[in-house]
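A short worksheet on the structure shown next.
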Number of protein chains: 4
Amino acid sequence: MDDEEASPRPKVAKPPATRKGRKSAEAFRVAAADVFAQRGFLNATVLDIATAAGRSPAAFYYHFDSKEHILLELFKDFTQTIKDRAQERFDPASSPQVQIDQMVRNFYQTYIEWLPVLTGVFQLSMIDADFREHWRTIRVDAVRSIRHWVIDAQRRGFAADLDVDFAASALAAMLDGFCFIWLAHDGDLPAVRLDSERAQRTLSLLCYISLYGAIDDDR
Amino acid sequence: MDDEEASPRPKVAKPPATRKGRKSAEAFRVAAADVFAQRGFLNATVLDIATAAGRSPAAFYYHFDSKEHILLELFKDFTQTIKDRAQERFDPASSPQVQIDQMVRNFYQTYIEWLPVLTGVFQLSMIDADFREHWRTIRVDAVRSIRHWVIDAQRRGFAADLDVDFAASALAAMLDGFCFIWLAHDGDLPAVRLDSERAQRTLSLLCYISLYGAIDDDR
Amino acid sequence: MDDEEASPRPKVAKPPATRKGRKSAEAFRVAAADVFAQRGFLNATVLDIATAAGRSPAAFYYHFDSKEHILLELFKDFTQTIKDRAQERFDPASSPQVQIDQMVRNFYQTYIEWLPVLTGVFQLSMIDADFREHWRTIRVDAVRSIRHWVIDAQRRGFAADLDVDFAASALAAMLDGFCFIWLAHDGDLPAVRLDSERAQRTLSLLCYISLYGAIDDDR
Amino acid sequence: MDDEEASPRPKVAKPPATRKGRKSAEAFRVAAADVFAQRGFLNATVLDIATAAGRSPAAFYYHFDSKEHILLELFKDFTQTIKDRAQERFDPASSPQVQIDQMVRNFYQTYIEWLPVLTGVFQLSMIDADFREHWRTIRVDAVRSIRHWVIDAQRRGFAADLDVDFAASALAAMLDGFCFIWLAHDGDLPAVRLDSERAQRTLSLLCYISLYGAIDDDR
DNA sequence: TATGAATGAGATTTCATTCAT
DNA sequence: GATGAATGAAATCTCATTCAT
């Protein structure tokens with residue numbers, strides 16, 4: 001007689017086979033995103049999600065392995081979407097300023113759209129090493145894009161004094177942090193309300209100027 | 001993200017009366033910062049802290065009301081220190097670039113020094129509405145300072161197109177986010193190691209150029 | 001920030017420090033043995049044990065790691081007792097028949113005394129590889145003793161055709177199985193009630209005769 | 001060990017009507033035996049069995065009332081087989097030694113053949129009162145046969161000092177226990193590997209000698 | 001007959017926090 | 001001041017079993 005340790009039941013994540021199943025899994029996905037958005041991933045319980053989905057906790061475990069796993073799935077949806085979009089929206093003919101502007105707005109919109117997933121992954125990244133890695137992969141994409149801007153700017157004779165990597169990382173942090181504060185939370189300044197158009201324009205300008213603006217040496 | 005806790009906590013933190021008491025409370029403070037730094041606030045347990053302090057969990061509750069409260073106390077130490085420093089380090093005679101540089105480096109150094117507290121408050125801000133407020137107060141200081149830079153720059157005829165509030169918030173997010181990623185975690189780019197001097201210089205430059213660099217109108 | 005995986009909290013089993021603690025741990029031990037005896041180890045829950053001990057389930061986990069661990073501790077008590085006794089009760093001067101008789105009765109009495117532990121370990125051995133090993137160690141002691149009888153008998157010209165190892169194992173299985181059936185359960189024959197004296201005598205005789213062929217009346 | 005379940009189960013097992021149904025039920029039977037052998041009855045889940053049968057858990061419940069019931073059915077198969085064989089293999093003309101030898105070998109072979117069922121019933125007997133009874137019926141057959149040997153031996157002037165019932169039970173326990181340890185598990189002595197021929201011979205001899213005092217070489 | 005999906009009931013375990021000493 | 005011991009309240013997860021199709 002062997003043991004449970006000897007041959008652990010392999011839990012294979014199989015996709016739902018029937019329409020009912022697909023509907024249910026989808027209901028859980030939606031509910032999870034909702035709950036994550038409202039309570040935050042760390043505060044959310046499987047019971048919360050199941051209740052929001054109008055299903056039992058046990059049903060949750062029929063479809064997903066754990067709270068972490070459903071987040072992971074949402075995250076996969078996210079990365080896939082990002083990948084698909086990346087190829088569409090790129091217009092190499094336009095000027096750097098336009099390109100930067102497009103990218104910034106793109107980032108901003110995506111952040112809004114995927115808020116629960118992004119904040120969820122971020123929260124979990126504080127606790128779990130695997131998700132720290134996932135979080136990094138999200139960032140790295142943005143950082144690399146921006147890195148190209150910096151290199152581009154330097155080729156054209158600007159931004160010579162900037163360290164390419166740190167500058168890219170810093171600007172990515174700016175976009176990321178700004179979106180987090182204003183979209184996931186309520187911003188930092190008590191009296192100020194978010195005006196998305198102004199916000200995107202400002203972010204876009206900051207990126208562009210910081211790369212293509214010249215230092216005034218006659219200060 | 002909303003929260004739910006509302007029960008009033010009648011306990012008042014009493015300052016330690018004896019030398020032994022003071023020593024113990026201090027040991028807990030140090031231990032808490034250590035543990036928060038190592039495991040993160042959310043992962044840390046009171047037992048962890050007590051063990052690190054060489055004391056019992058029950059003793060912890062003699063000195064502090066809860067895990068949250070000791071973080072709060074550390075946080076108060078932090079705000080006090082910041083306030084004290086703010087008055088020292090300000091040199092109104094120097095040029096904007098120098099002022100910005102000093103402020104950025106100051107921010108960076110403070111971040112290093114208070115890492116456990118800052119990340120702790122940040123983590124807890126994800127879960128607890130009160131701490132979300134505390135977190136905001138940390139940020140607001142930085143944002144306000146930077147806001148003055150922006151206004152200054154605009155007075156001198158630069159950065160006209162930037163929204164004052166959003167620009168300030170964005171630059172603060174840049175500093176904050178960059179420090180978090182590179183000081184609390186390992187940065188975003190796999191192969192790149194942190195060079196604090198270059199990093200600070202780049203951050204400083206980005207802030208300055210983004211405010212005082214001119215847009216190239218002949219794009 | 002490290003992770004829970006990186007440095008799992010080491011749960012060291014420390015012996016109770018105060019009288020209260022010792023009393024409590026002992027209460028759990030007794031309760032566990034009771035419950036194991038009544039419901040069987042596999043059916044028993046931590047809640048059962050805690051209730052029987054007049055304590056909370058959480059208190060159980062203060063003293064022991066798991067249901068398995070408390071059984072392990074009881075089992076350690078058992079092995080220790082066995083070891084201690086083994087040295088007392090051995091009289092090398094007496095005849096084989098007497099020695100065998102003593103050993104059989106010893107085995108029988110020990111079985112009665114440690115019934116809950118022995119059946120518990122046995123039950124768990126069906127499911128858990130580690131406990132299968134523990135169970136084996138219990139048996140091996142008996143088997144080795146009996147093995148010496150067989151060798152002795154063969155030296156004296158008896159039992160020549162028996163395989164030493166299998167004979168020893170078989171006789172041990174007889175003692176073991178008989179005790180299990182009649183002491184842990186109700187025996188096999190519906191109408192027959194246990195008479196311990198006759199039972200021990202019969203077991204003793206079976207062992208002796210099967211090795212020496214006949215009863216030595218002049219012992 | 002007491003039990004608690006008392007609720008009446010009104011379901012009646014219906015024999016499969018179609019060929020497909022029979023095939024399926026049979027597949028479950030085979031799979032169950034396999035799984036019980038591999039994981040042990042207590043560790044086995046209905047899902048395991050269904051998976052092994054290449055069917056769904058729900059289908060299992062179409063054919064059988066519960067995990068216990070399929071074991072019960074296997075067990076019935078076993079008892080039937082035993083009954084059938086009992087009448088074949090008995091040769092009243094041969095000597096006691098030969099009869100005992102045949103019976104021992106018969107027992108040993110049957111044990112091998114029905115291992116999953118026997119260990120399953122045994123395991124369940126630890127938890128469930130009904131199955132304790134079933135287990136007893138398995139044993140009782142063997143015990144009664146052996147009881148006849150003892151009475152026979154006593155009639156011929158041997159084994160006078162043995163208690164008939166306990167002796168029979170003890171010898172049955174020896175066969176049973178030995179087979180369990182060496183066939184279901186890996187035996188007790190680390191270095192020793194099972195040699196079925198020697199094992200059967202030794203068991204047979206032990207039974208015979210313990211009753212008749214010596215081997216009759218002129219049999 | 002068969003299945004994917006669903007569920008109730010329970011067991012384990014953790015942890016912040018309190019209490020008696 | 002300090003501690004060992006204790007606990008309530010949760011959260012996670014498993015599994016036998018049922019149900020709609």
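Every chain in the structure tokens takes a letter, A first, then B, and so on in the order presented; its residues are numbered from 1, and the ligands are numbered from 1 following the presented order.
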
Specify as a PyMOL selection string all residues of chain E found within 9 Å of chain D, counting only C-alpha atoms (C1' of nucleotides). chain E and resi 1-4

Contact set, chain F to chain C: 10 Å, only C-alpha atoms (C1' of nucleotides), as an MDAnalysis selection string: chainID F and resid 4:8

Resulting file, chosen residues, N, CA and C atoms (P, O5', C5', C4', C3', O3' and C1' of nucleotides), as a PDB file, in the first residue's frame:
ATOM      1  P    DG F   4       7.434  32.054  28.976  1.00  0.00           P
ATOM      2  O5'  DG F   4       6.436  30.856  29.272  1.00  0.00           O
ATOM      3  C5'  DG F   4       6.387  30.335  30.599  1.00  0.00           C
ATOM      4  C4'  DG F   4       5.032  29.725  30.858  1.00  0.00           C
ATOM      5  C3'  DG F   4       4.566  28.731  29.800  1.00  0.00           C
ATOM      6  O3'  DG F   4       3.980  27.634  30.476  1.00  0.00           O
ATOM      7  C1'  DG F   4       2.982  30.496  30.005  1.00  0.00           C
ATOM      8  P    DA F   5       3.407  26.459  29.625  1.00  0.00           P
ATOM      9  O5'  DA F   5       1.870  26.868  29.518  1.00  0.00           O
ATOM     10  C5'  DA F   5       1.150  27.084  30.725  1.00  0.00           C
ATOM     11  C4'  DA F   5      -0.254  27.567  30.430  1.00  0.00           C
ATOM     12  C3'  DA F   5      -1.028  26.701  29.434  1.00  0.00           C
ATOM     13  O3'  DA F   5      -2.239  26.341  30.056  1.00  0.00           O
ATOM     14  C1'  DA F   5      -1.184  29.009  28.856  1.00  0.00           C
ATOM     15  P    DA F   6      -3.185  25.408  29.273  1.00  0.00           P
ATOM     16  O5'  DA F   6      -4.208  26.449  28.642  1.00  0.00           O
ATOM     17  C5'  DA F   6      -4.980  27.263  29.533  1.00  0.00           C
ATOM     18  C4'  DA F   6      -5.821  28.206  28.705  1.00  0.00           C
ATOM     19  C3'  DA F   6      -6.634  27.523  27.606  1.00  0.00           C
ATOM     20  O3'  DA F   6      -8.011  27.631  27.941  1.00  0.00           O
ATOM     21  C1'  DA F   6      -5.547  29.500  26.813  1.00  0.00           C
ATOM     22  P    DT F   7      -9.015  26.846  27.046  1.00  0.00           P
ATOM     23  O5'  DT F   7      -9.511  28.008  26.086  1.00  0.00           O
ATOM     24  C5'  DT F   7      -9.750  29.290  26.648  1.00  0.00           C
ATOM     25  C4'  DT F   7     -10.118  30.247  25.556  1.00  0.00           C
ATOM     26  C3'  DT F   7     -10.940  29.599  24.428  1.00  0.00           C
ATOM     27  O3'  DT F   7     -12.056  30.429  24.172  1.00  0.00           O
ATOM     28  C1'  DT F   7      -9.107  30.770  23.534  1.00  0.00           C
ATOM     29  P    DG F   8     -13.415  29.835  23.753  1.00  0.00           P
ATOM     30  O5'  DG F   8     -13.860  31.007  22.772  1.00  0.00           O
ATOM     31  C5'  DG F   8     -13.523  32.363  23.110  1.00  0.00           C
ATOM     32  C4'  DG F   8     -13.595  33.220  21.868  1.00  0.00           C
ATOM     33  C3'  DG F   8     -14.671  32.830  20.876  1.00  0.00           C
ATOM     34  O3'  DG F   8     -15.140  34.028  20.273  1.00  0.00           O
ATOM     35  C1'  DG F   8     -12.525  32.533  19.880  1.00  0.00           C
TER      36       DG F   8
END

What is the Cα root-mean-square deviation, to one decimal place in Å, for chain C superposed on chain A with all Cα atoms matched in order? 3.1 Å

What lies within 9 Å of segment 180-196 of chain B using only C-alpha atoms (C1' of nucleotides), ignoring chain neighbours under 5 positions off, as a PyMOL selection string? (chain A and resi 132+136-137+139-140+143-144+165-166+169+173) or (chain B and resi 37+108+111-112+115-116+119+175+201) or (chain C and resi 1)

For the residues selected in the previous step, produce a file with N, CA and C atoms as a PDB file, in the first residue's frame.
ATOM      1  N   ARG A 132       5.708  38.239  -6.623  1.00  0.00           N
ATOM      2  CA  ARG A 132       6.659  39.332  -6.786  1.00  0.00           C
ATOM      3  C   ARG A 132       7.241  39.242  -8.204  1.00  0.00           C
ATOM      4  N   ARG A 136       6.885  41.859 -11.333  1.00  0.00           N
ATOM      5  CA  ARG A 136       8.036  42.363 -12.064  1.00  0.00           C
ATOM      6  C   ARG A 136       7.828  42.237 -13.570  1.00  0.00           C
ATOM      7  N   THR A 137       7.271  41.112 -13.975  1.00  0.00           N
ATOM      8  CA  THR A 137       7.074  40.942 -15.421  1.00  0.00           C
ATOM      9  C   THR A 137       6.121  42.000 -15.965  1.00  0.00           C
ATOM     10  N   ARG A 139       5.829  45.026 -14.849  1.00  0.00           N
ATOM     11  CA  ARG A 139       6.591  46.265 -14.901  1.00  0.00           C
ATOM     12  C   ARG A 139       7.619  46.245 -16.020  1.00  0.00           C
ATOM     13  N   VAL A 140       8.296  45.114 -16.114  1.00  0.00           N
ATOM     14  CA  VAL A 140       9.419  45.055 -17.043  1.00  0.00           C
ATOM     15  C   VAL A 140       9.012  45.471 -18.448  1.00  0.00           C
ATOM     16  N   VAL A 143       8.919  49.162 -18.502  1.00  0.00           N
ATOM     17  CA  VAL A 143      10.282  49.691 -18.349  1.00  0.00           C
ATOM     18  C   VAL A 143      11.064  49.571 -19.657  1.00  0.00           C
ATOM     19  N   ARG A 144      10.947  48.449 -20.306  1.00  0.00           N
ATOM     20  CA  ARG A 144      11.694  48.245 -21.543  1.00  0.00           C
ATOM     21  C   ARG A 144      11.247  49.215 -22.639  1.00  0.00           C
ATOM     22  N   ASP A 165      18.939  52.799 -17.616  1.00  0.00           N
ATOM     23  CA  ASP A 165      18.107  51.870 -16.867  1.00  0.00           C
ATOM     24  C   ASP A 165      17.325  52.556 -15.755  1.00  0.00           C
ATOM     25  N   PHE A 166      18.028  53.368 -15.004  1.00  0.00           N
ATOM     26  CA  PHE A 166      17.362  54.000 -13.869  1.00  0.00           C
ATOM     27  C   PHE A 166      16.316  55.010 -14.338  1.00  0.00           C
ATOM     28  N   SER A 169      13.328  53.030 -15.413  1.00  0.00           N
ATOM     29  CA  SER A 169      12.650  52.506 -14.235  1.00  0.00           C
ATOM     30  C   SER A 169      11.903  53.602 -13.500  1.00  0.00           C
ATOM     31  N   ALA A 173       7.997  53.901 -12.915  1.00  0.00           N
ATOM     32  CA  ALA A 173       7.477  54.032 -11.546  1.00  0.00           C
ATOM     33  C   ALA A 173       6.521  55.208 -11.442  1.00  0.00           C
TER      34      ALA A 173
ATOM     35  N   ALA B  37      10.803  44.409   8.199  1.00  0.00           N
ATOM     36  CA  ALA B  37      11.728  44.472   7.069  1.00  0.00           C
ATOM     37  C   ALA B  37      11.936  43.087   6.462  1.00  0.00           C
ATOM     38  N   TYR B 108      15.642  60.031  -0.766  1.00  0.00           N
ATOM     39  CA  TYR B 108      16.249  58.720  -0.995  1.00  0.00           C
ATOM     40  C   TYR B 108      16.869  58.168   0.296  1.00  0.00           C
ATOM     41  N   TYR B 111      14.315  57.261   2.831  1.00  0.00           N
ATOM     42  CA  TYR B 111      13.639  56.018   2.455  1.00  0.00           C
ATOM     43  C   TYR B 111      14.441  54.808   2.936  1.00  0.00           C
ATOM     44  N   ILE B 112      15.746  54.874   2.670  1.00  0.00           N
ATOM     45  CA  ILE B 112      16.602  53.774   3.125  1.00  0.00           C
ATOM     46  C   ILE B 112      16.489  53.585   4.630  1.00  0.00           C
ATOM     47  N   LEU B 115      12.975  52.346   5.868  1.00  0.00           N
ATOM     48  CA  LEU B 115      12.372  51.349   5.002  1.00  0.00           C
ATOM     49  C   LEU B 115      11.298  50.481   5.672  1.00  0.00           C
ATOM     50  N   PRO B 116      11.605  49.862   6.799  1.00  0.00           N
ATOM     51  CA  PRO B 116      10.612  48.958   7.382  1.00  0.00           C
ATOM     52  C   PRO B 116       9.310  49.671   7.708  1.00  0.00           C
ATOM     53  N   THR B 119       7.472  50.716   4.299  1.00  0.00           N
ATOM     54  CA  THR B 119       6.824  49.601   3.613  1.00  0.00           C
ATOM     55  C   THR B 119       5.710  49.022   4.476  1.00  0.00           C
ATOM     56  N   LEU B 175       9.570  59.263  -7.354  1.00  0.00           N
ATOM     57  CA  LEU B 175      10.556  59.074  -6.286  1.00  0.00           C
ATOM     58  C   LEU B 175      10.161  57.892  -5.405  1.00  0.00           C
ATOM     59  N   ARG B 201      21.259  60.653  -8.850  1.00  0.00           N
ATOM     60  CA  ARG B 201      21.534  61.677  -9.859  1.00  0.00           C
ATOM     61  C   ARG B 201      20.475  61.659 -10.963  1.00  0.00           C
TER      62      ARG B 201
ATOM     63  N   MET C   1      12.379  41.961   1.343  1.00  0.00           N
ATOM     64  CA  MET C   1      11.398  41.229   2.145  1.00  0.00           C
ATOM     65  C   MET C   1      11.361  39.765   1.759  1.00  0.00           C
TER      66      MET C   1
END

Proximity check chain A to chain B, 6 Å, nearest pairs one decimal Å, only C-alpha atoms, as a Markdown table:
| residue | atom | partner | partner_atom | distance |
| --- | --- | --- | --- | --- |
| A:Gln38 | CA | B:Met1 | CA | 4.6 |
| A:Arg39 | CA | B:Met1 | CA | 5.2 |
| A:Arg136 | CA | B:Asp188 | CA | 5.9 |
| A:Leu162 | CA | B:Thr202 | CA | 5.4 |
| A:Phe166 | CA | B:Ala199 | CA | 6.0 |
| A:Ala170 | CA | B:Phe178 | CA | 5.4 |
| A:Ala173 | CA | B:Gly177 | CA | 5.0 |
| A:Met174 | CA | B:Met174 | CA | 3.9 |
| A:Gly177 | CA | B:Ala173 | CA | 5.0 |
| A:Phe178 | CA | B:Ala170 | CA | 5.4 |
| A:Asp188 | CA | B:Arg136 | CA | 5.8 |
| A:Ala199 | CA | B:Phe166 | CA | 6.0 |
| A:Thr202 | CA | B:Leu162 | CA | 5.4 |
| A:Leu206 | CA | B:Ser210 | CA | 5.4 |
| A:Ile209 | CA | B:Ser210 | CA | 5.0 |
| A:Ser210 | CA | B:Ser210 | CA | 4.0 |
| A:Gly213 | CA | B:Gly213 | CA | 3.8 |
| A:Ala214 | CA | B:Gly213 | CA | 4.7 |
| A:Ile215 | CA | B:Gly213 | CA | 5.4 |

Test item, helix (DSSP H, G or I) assignment across chain B, answer as an NGL selection string: :B and (19-39 or 46-52 or 57-63 or 67-88 or 96-113 or 115-125 or 129-155 or 164-184 or 196-212)

If you count only C-alpha atoms (C1' of nucleotides), which residues fall within 8 Å of segment 8-18 of chain E, apart from same-chain ones fewer than 2 positions away, as a ChimeraX atom specification? /B:45-46 /C:45
